[in-house]
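Everything below belongs to structure-v6.pdb, which stores PDB, C-alpha atoms.
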```pdb
ATOM      1  CA  MET A   1    -104.033 123.557  66.817
ATOM      2  CA  THR A   2    -104.561 119.776  66.873
ATOM      3  CA  ILE A   3    -102.296 117.483  68.916
ATOM      4  CA  THR A   4    -100.831 116.124  65.684
ATOM      5  CA  GLN A   5     -99.946 119.598  64.476
ATOM      6  CA  GLU A   6     -98.500 120.558  67.864
ATOM      7  CA  LEU A   7     -96.244 117.513  68.072
ATOM      8  CA  GLU A   8     -95.064 117.915  64.477
ATOM      9  CA  SER A   9     -93.980 121.495  65.222
ATOM     10  CA  GLN A  10     -91.496 120.489  68.007
ATOM     11  CA  PRO A  11     -88.429 119.623  66.825
ATOM     12  CA  ASP A  12     -46.497 132.219  66.167
ATOM     13  CA  ILE A  13     -46.374 134.273  62.953
ATOM     14  CA  SER A  14     -44.487 137.553  62.333
ATOM     15  CA  LYS A  15     -46.486 140.705  61.701
ATOM     16  CA  ASP A  16     -44.075 141.548  58.866
ATOM     17  CA  VAL A  17     -45.177 138.555  56.823
ATOM     18  CA  ILE A  18     -47.570 139.413  54.009
ATOM     19  CA  PHE A  19     -50.086 136.614  53.803
ATOM     20  CA  PRO A  20     -51.487 135.439  50.489
ATOM     21  CA  SER A  21     -55.248 135.431  50.122
ATOM     22  CA  SER A  22     -57.064 132.545  51.767
ATOM     23  CA  ASP A  23     -59.597 132.557  48.939
ATOM     24  CA  LEU A  24     -58.207 129.291  47.584
ATOM     25  CA  TRP A  25     -60.383 126.643  46.020
ATOM     26  CA  SER A  26     -60.082 122.989  46.929
ATOM     27  CA  ASP A  27     -57.798 121.014  44.612
ATOM     28  CA  GLU A  28     -59.252 117.546  45.240
ATOM     29  CA  PRO A  29     -60.005 114.901  42.581
ATOM     30  CA  PRO A  30     -63.492 113.390  42.173
ATOM     31  CA  LEU A  31     -64.598 110.849  44.742
ATOM     32  CA  GLU A  32     -64.234 107.166  43.950
ATOM     33  CA  SER A  33     -67.968 106.377  44.002
ATOM     34  CA  ASP A  34     -71.417 107.490  45.092
ATOM     35  CA  LEU A  35     -70.985 105.374  48.215
ATOM     36  CA  HIS A  36     -67.883 107.352  49.170
ATOM     37  CA  LEU A  37     -69.833 110.588  48.811
ATOM     38  CA  ARG A  38     -72.796 109.238  50.764
ATOM     39  CA  GLN A  39     -70.517 108.135  53.591
ATOM     40  CA  ILE A  40     -68.847 111.533  53.894
ATOM     41  CA  ILE A  41     -72.146 113.416  53.821
ATOM     42  CA  LEU A  42     -73.675 111.079  56.396
ATOM     43  CA  LEU A  43     -70.915 111.711  58.933
ATOM     44  CA  LEU A  44     -70.873 115.452  58.320
ATOM     45  CA  GLN A  45     -74.646 115.750  58.696
ATOM     46  CA  SER A  46     -74.748 113.797  61.939
ATOM     47  CA  LEU A  47     -71.847 115.724  63.484
ATOM     48  CA  GLU A  48     -73.298 119.084  62.478
ATOM     49  CA  TRP A  49     -76.702 118.090  63.852
ATOM     50  CA  LEU A  50     -75.175 116.985  67.166
ATOM     51  CA  TRP A  51     -73.059 120.148  67.408
ATOM     52  CA  GLN A  52     -75.648 122.527  65.969
ATOM     53  CA  ASP A  53     -75.284 124.881  68.949
ATOM     54  CA  ARG A  54     -71.489 124.982  68.758
ATOM     55  CA  ASN A  55     -69.492 127.564  66.807
ATOM     56  CA  ASP A  56     -65.983 126.415  67.750
ATOM     57  CA  PHE A  57     -65.273 123.785  65.104
ATOM     58  CA  TYR A  58     -64.922 123.271  61.369
ATOM     59  CA  ALA A  59     -65.763 120.039  59.589
ATOM     60  CA  ALA A  60     -65.376 119.378  55.869
ATOM     61  CA  GLY A  61     -65.158 116.599  53.320
ATOM     62  CA  ASN A  62     -62.900 116.199  50.284
ATOM     63  CA  LEU A  63     -61.362 119.615  50.856
ATOM     64  CA  THR A  64     -57.727 120.592  50.312
ATOM     65  CA  ILE A  65     -55.468 121.420  53.249
ATOM     66  CA  TYR A  66     -52.571 123.707  52.260
ATOM     67  CA  TYR A  67     -49.665 123.505  54.691
ATOM     68  CA  SER A  68     -46.595 124.813  52.867
ATOM     69  CA  PRO A  69     -44.010 126.329  55.267
ATOM     70  CA  HIS A  70     -43.345 128.799  52.448
ATOM     71  CA  GLN A  71     -47.024 129.721  52.269
ATOM     72  CA  LYS A  72     -47.336 128.529  48.677
ATOM     73  CA  LYS A  73     -50.432 126.899  47.304
ATOM     74  CA  SER A  74     -48.314 125.012  44.771
ATOM     75  CA  GLU A  75     -46.569 122.808  47.334
ATOM     76  CA  TYR A  76     -47.439 120.657  50.329
ATOM     77  CA  PHE A  77     -51.155 120.050  50.196
ATOM     78  CA  ARG A  78     -53.373 117.107  50.999
ATOM     79  CA  GLY A  79     -57.082 116.476  50.857
ATOM     80  CA  PRO A  80     -58.527 114.167  53.511
ATOM     81  CA  ASP A  81     -61.911 112.678  52.781
ATOM     82  CA  LEU A  82     -63.181 114.139  56.036
ATOM     83  CA  PHE A  83     -61.535 116.227  58.735
ATOM     84  CA  VAL A  84     -62.523 118.145  61.851
ATOM     85  CA  VAL A  85     -60.689 121.102  63.367
ATOM     86  CA  LEU A  86     -61.532 122.120  66.927
ATOM     87  CA  GLY A  87     -61.149 125.522  68.521
ATOM     88  CA  THR A  88     -61.749 127.477  65.343
ATOM     89  CA  GLU A  89     -64.480 129.585  63.783
ATOM     90  CA  ARG A  90     -67.392 127.758  62.236
ATOM     91  CA  LYS A  91     -67.766 129.364  58.805
ATOM     92  CA  ALA A  92     -67.710 128.416  55.145
ATOM     93  CA  ARG A  93     -64.303 127.959  53.529
ATOM     94  CA  LYS A  94     -63.110 127.024  50.035
ATOM     95  CA  SER A  95     -60.059 125.258  51.455
ATOM     96  CA  TRP A  96     -58.140 124.987  54.722
ATOM     97  CA  VAL A  97     -55.005 127.120  54.583
ATOM     98  CA  VAL A  98     -52.878 126.433  57.669
ATOM     99  CA  TRP A  99     -51.000 129.730  57.604
ATOM    100  CA  GLU A 100     -54.329 131.585  57.502
ATOM    101  CA  GLU A 101     -55.706 129.541  60.393
ATOM    102  CA  TYR A 102     -53.124 130.353  63.084
ATOM    103  CA  GLY A 103     -51.180 127.201  62.262
ATOM    104  CA  LYS A 104     -54.057 124.872  63.139
ATOM    105  CA  TYR A 105     -54.182 121.370  61.693
ATOM    106  CA  PRO A 106     -57.079 118.889  61.927
ATOM    107  CA  ASN A 107     -57.813 117.210  65.232
ATOM    108  CA  VAL A 108     -59.487 114.283  63.482
ATOM    109  CA  ILE A 109     -59.044 112.860  59.982
ATOM    110  CA  LEU A 110     -60.932 110.065  58.237
ATOM    111  CA  GLU A 111     -59.990 108.511  54.904
ATOM    112  CA  ILE A 112     -62.458 106.418  52.904
ATOM    113  CA  LEU A 113     -60.385 103.628  51.388
ATOM    114  CA  SER A 114     -60.538 102.665  47.715
ATOM    115  CA  GLU A 115     -58.426 100.544  45.392
ATOM    116  CA  SER A 116     -56.667 103.611  44.028
ATOM    117  CA  THR A 117     -55.932 105.248  47.399
ATOM    118  CA  VAL A 118     -55.508 102.442  49.929
ATOM    119  CA  LYS A 119     -51.687 102.325  49.769
ATOM    120  CA  THR A 120     -51.407 106.092  50.129
ATOM    121  CA  ASP A 121     -54.015 106.259  52.898
ATOM    122  CA  LYS A 122     -52.254 103.566  54.928
ATOM    123  CA  GLY A 123     -48.741 104.736  54.077
ATOM    124  CA  LEU A 124     -47.808 108.229  52.975
ATOM    125  CA  LYS A 125     -50.902 110.009  54.297
ATOM    126  CA  LYS A 126     -50.704 108.250  57.640
ATOM    127  CA  GLU A 127     -47.074 109.336  57.902
ATOM    128  CA  ILE A 128     -47.916 112.951  57.043
ATOM    129  CA  TYR A 129     -50.829 113.092  59.472
ATOM    130  CA  GLN A 130     -48.597 111.653  62.201
ATOM    131  CA  ASP A 131     -45.341 113.521  61.630
ATOM    132  CA  THR A 132     -46.413 116.831  60.071
ATOM    133  CA  PHE A 133     -50.038 117.444  60.951
ATOM    134  CA  ARG A 134     -49.732 115.798  64.377
ATOM    135  CA  THR A 135     -53.398 114.964  64.076
ATOM    136  CA  PRO A 136     -54.454 113.246  67.325
ATOM    137  CA  ASN A 137     -57.027 110.868  65.808
ATOM    138  CA  TYR A 138     -56.759 109.178  62.394
ATOM    139  CA  PHE A 139     -59.290 106.684  61.017
ATOM    140  CA  TRP A 140     -59.824 104.818  57.793
ATOM    141  CA  PHE A 141     -62.842 102.905  56.523
ATOM    142  CA  ASP A 142     -63.564 100.815  53.432
ATOM    143  CA  PRO A 143     -67.283 101.077  52.531
ATOM    144  CA  TYR A 144     -67.131  97.852  50.494
ATOM    145  CA  THR A 145     -65.086  95.469  52.656
ATOM    146  CA  LEU A 146     -66.009  97.300  55.898
ATOM    147  CA  GLU A 147     -62.371  97.383  56.972
ATOM    148  CA  PHE A 148     -62.194  99.898  59.805
ATOM    149  CA  ALA A 149     -59.237 101.081  61.887
ATOM    150  CA  GLY A 150     -58.324 104.035  64.065
ATOM    151  CA  PHE A 151     -55.226 105.496  65.650
ATOM    152  CA  ASN A 152     -54.390 107.777  68.545
ATOM    153  CA  LEU A 153     -51.244 109.910  68.585
ATOM    154  CA  VAL A 154     -49.156 108.862  71.607
ATOM    155  CA  ASP A 155     -45.649 110.237  72.104
ATOM    156  CA  ALA A 156     -45.675 111.465  68.475
ATOM    157  CA  LYS A 157     -46.519 108.005  67.090
ATOM    158  CA  TYR A 158     -49.831 106.505  66.024
ATOM    159  CA  GLN A 159     -51.031 103.676  68.235
ATOM    160  CA  PRO A 160     -53.980 101.501  67.144
ATOM    161  CA  LEU A 161     -57.244 102.114  68.958
ATOM    162  CA  GLN A 162     -58.908  99.132  70.569
ATOM    163  CA  ALA A 163     -62.552  98.485  69.803
ATOM    164  CA  ASN A 164     -65.195  98.106  72.494
ATOM    165  CA  GLU A 165     -67.643  95.194  72.699
ATOM    166  CA  GLN A 166     -69.733  96.662  69.882
ATOM    167  CA  GLY A 167     -66.712  97.079  67.638
ATOM    168  CA  TYR A 168     -66.729 100.866  67.991
ATOM    169  CA  LEU A 169     -63.590 102.996  68.216
ATOM    170  CA  TRP A 170     -63.421 105.950  70.600
ATOM    171  CA  SER A 171     -62.354 109.377  69.372
ATOM    172  CA  GLU A 172     -61.126 111.345  72.358
ATOM    173  CA  GLN A 173     -61.066 114.481  70.234
ATOM    174  CA  LEU A 174     -64.725 114.229  69.243
ATOM    175  CA  GLY A 175     -65.907 112.680  72.484
ATOM    176  CA  LEU A 176     -67.721 110.163  70.296
ATOM    177  CA  TYR A 177     -67.443 106.613  69.061
ATOM    178  CA  LEU A 178     -67.165 105.669  65.401
ATOM    179  CA  GLY A 179     -68.653 102.330  64.428
ATOM    180  CA  ILE A 180     -70.324 100.403  61.635
ATOM    181  CA  HIS A 181     -74.116 100.466  61.535
ATOM    182  CA  GLN A 182     -76.071  99.003  58.624
ATOM    183  CA  GLN A 183     -72.930  98.778  56.463
ATOM    184  CA  LEU A 184     -72.050 102.435  56.991
ATOM    185  CA  LEU A 185     -69.705 104.220  59.372
ATOM    186  CA  ARG A 186     -71.656 106.201  61.932
ATOM    187  CA  LEU A 187     -71.102 108.297  65.047
ATOM    188  CA  PHE A 188     -72.253 107.173  68.477
ATOM    189  CA  THR A 189     -72.435 108.957  71.816
ATOM    190  CA  ALA A 190     -70.393 107.889  74.830
ATOM    191  CA  ASP A 191     -73.297 105.709  75.989
ATOM    192  CA  GLY A 192     -73.594 104.021  72.590
ATOM    193  CA  GLN A 193     -76.541 105.920  71.145
ATOM    194  CA  LEU A 194     -76.534 106.457  67.387
ATOM    195  CA  VAL A 195     -76.086 110.094  66.386
ATOM    196  CA  PRO A 196     -78.845 110.682  63.839
ATOM    197  CA  ILE A 197     -79.018 112.865  60.775
ATOM    198  CA  PRO A 198     -81.868 115.414  60.444
ATOM    199  CA  GLU A 199     -83.950 113.107  58.250
ATOM    200  CA  GLU A 200     -83.803 110.377  60.894
ATOM    201  CA  VAL A 201     -84.778 112.844  63.600
ATOM    202  CA  ALA A 202     -87.797 113.920  61.550
ATOM    203  CA  ALA A 203     -88.800 110.319  60.898
ATOM    204  CA  GLN A 204     -88.580 109.475  64.603
ATOM    205  CA  ALA A 205     -90.733 112.482  65.457
ATOM    206  CA  GLN A 206     -93.343 111.440  62.906
ATOM    207  CA  GLU A 207     -93.415 107.902  64.274
ATOM    208  CA  LYS A 208     -93.962 109.303  67.769
ATOM    209  CA  VAL A 209     -96.863 111.415  66.531
ATOM    210  CA  GLU A 210     -98.446 108.443  64.798
ATOM    211  CA  ARG A 211     -98.096 106.205  67.877
ATOM    212  CA  LEU A 212     -99.675 108.824  70.105
ATOM    213  CA  ALA A 213    -102.512 109.373  67.660
ATOM    214  CA  ALA A 214    -103.166 105.629  67.507
ATOM    215  CA  LYS A 215    -103.230 105.418  71.313
ATOM    216  CA  LEU A 216    -105.777 108.241  71.514
ATOM    217  CA  ARG A 217    -107.998 106.511  68.971
ATOM    218  CA  GLU A 218    -107.888 103.374  71.120
ATOM    219  CA  LEU A 219    -109.396 105.551  73.841
ATOM    220  CA  ASN A 220    -112.091 106.737  71.414
ATOM    221  CA  ILE A 221    -110.480 110.186  71.222
ATOM    222  CA  ASP A 222    -110.032 111.826  67.855
ATOM    223  CA  PRO A 223    -106.508 113.371  67.964
ATOM    224  CA  ASP A 224    -107.490 115.914  65.295
ATOM    225  CA  THR A 225    -110.109 117.444  67.584
ATOM    226  CA  ILE A 226    -107.803 118.052  70.536
TER     227      ILE A 226
END
```
Produce structure tokens that represent the structure in this file.
Amino acid sequence: MTITQELESQPDISKDVIFPSSDLWSDEPPLESDLHLRQIILLLQSLEWLWQDRNDFYAAGNLTIYYSPHQKKSEYFRGPDLFVVLGTERKARKSWVVWEEYGKYPNVILEILSESTVKTDKGLKKEIYQDTFRTPNYFWFDPYTLEFAGFNLVDAKYQPLQANEQGYLWSEQLGLYLGIHQQLLRLFTADGQLVPIPEEVAAQAQEKVERLAAKLRELNIDPDTI
């Protein structure tokens, strides 16, 4: 195997209650734009790459959360653009049904703002996430104006998060920062490092291979013969 080939290869509910089926499809409308979809996918991919060895969380985008106290799909449901639930099983779901998930609500919610949703995202949804979901961290982001804000639940009320010097907001639930990078909302580690997506990881690895190969050629060594 050549050096190039070698480097490229590294990489509280009663028991008497009869529960309805959790096989419920999401009831969410289409996304506002391609940019909204790209933003959601970008954050999901980077989080799943970072937490690839963890099986204690669930992250989804544009998926319905059913939370009826009467366990009815026809009432009390919302669909955040992106949400993360901690301390749960990592598996595929068609929707998040609270009464099928031991009463768990999201730990983190993000809404991607648009002209048609901005009032609801900043008003009614924020109120529901605060008072009913009790979601510890709530964020919103506008991919066109780059408006970005975050909130932490303190004494049952949302308090605005303060940005650091880079303009990033800390999510205590994720143990990560959220911040704008190249016009998109991205995740960053506690020390400010960008959390990549798989394609970026692959590109970085390829660049490393090419730099090493170039260095060997400077030394009159053919990397393909090693």
Task: Atom-to-atom span, atom CA of Val97 of chain A and atom CA of Tyr158 of chain A, Å - done: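 For atom CA of Val97 of chain A relative to atom CA of Tyr158 of chain A, the distance reads 24.1 Å.
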Open item on the list: I'd like the neighbourhood of Thr120 of chain A as number ranges by chain, where a residue qualifies if any of its atoms comes within 12 Å (using only C-alpha atoms), though same-chain residues fewer than 5 positions away should be ignored.
Closed with: A: 78-80, 111-115, 125-129, 140
Task: Residues returned when the PyMOL selection byres ((chain A and resi 84) around 6) runs on this file, as a PyMOL selection string - done: chain A and resi 58-59+83+85+106-108
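Atom to atom, atom CA of Ser95 of chain A and atom CA of Ile65 of chain A stand 6.2 Å apart.
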Task: Residue among A:Lys104, A:Asp56, A:His181, A:Thr64 lying closest to Pro196 of chain A, counting all atoms listed in the file - done: A:His181
- [ ] Could you tell me which residues the PyMOL selection byres ((chain A and resi 98) around 9) grabs in this file, written as a list in words?
- [x]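 In the shown coordinates, the PyMOL selection byres ((chain A and resi 98) around 9) covers Ile65, Tyr66, Tyr67, Ser68, Gln71, Trp96, Val97, Trp99, Glu100, Glu101, Tyr102, Gly103, Lys104 and Tyr105 of chain A.
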Task: Minimum-distance residue to Gln173 of chain A, chosen among A:Leu161, A:Asp121, A:Leu86, A:Arg134 (using only C-alpha atoms) - done: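 Distance minimum relative to Gln173 of chain A lands on A:Leu86.
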- [ ] Report as a ChimeraX atom specification the residues that result from applying the PyMOL selection byres ((chain A and resi 49) around 12) to the structure here.
- [x] /A:41-48,50-54,59,187,195-201
Task: Among listed residues A:Ser33, A:His70, A:Phe77, A:Phe141, nearest Leu169 of chain A (using only C-alpha atoms) - done: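 Comparing A:Ser33, A:His70, A:Phe77, A:Phe141 against Leu169 of chain A, the winner is A:Phe141.
The interatomic distance for the pair atom CA of Asp81 of chain A and atom CA of Gln39 of chain A works out to 9.8 Å.
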Open item on the list: Considering all atoms listed in the file, can you say which of A:Thr189, A:Asn137, A:Glu89, A:Tyr144 comes closest to Pro160 of chain A?
Closed with: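 Of all the options, A:Asn137 lies closest to Pro160 of chain A.
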Task: Surrounding residues of Gly192 of chain A excluding itself and chain neighbours under 4 positions, 9 Å, all atoms listed in the file, as a ChimeraX atom specification - done: /A:166,168,176-177,188
Open item on the list: Which residues are near Phe139 of chain A? Cut-off 6 Å, all atoms listed in the file, ignore same chain within fewer than 2 positions. Put them as an NGL selection string.
Closed with: :A and (110 or 149-150)
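Counting all atoms listed in the file and comparing A:Asn164, A:Ser171, A:Gln182, A:Thr132, the residue that lies closest to Pro69 of chain A is A:Thr132.
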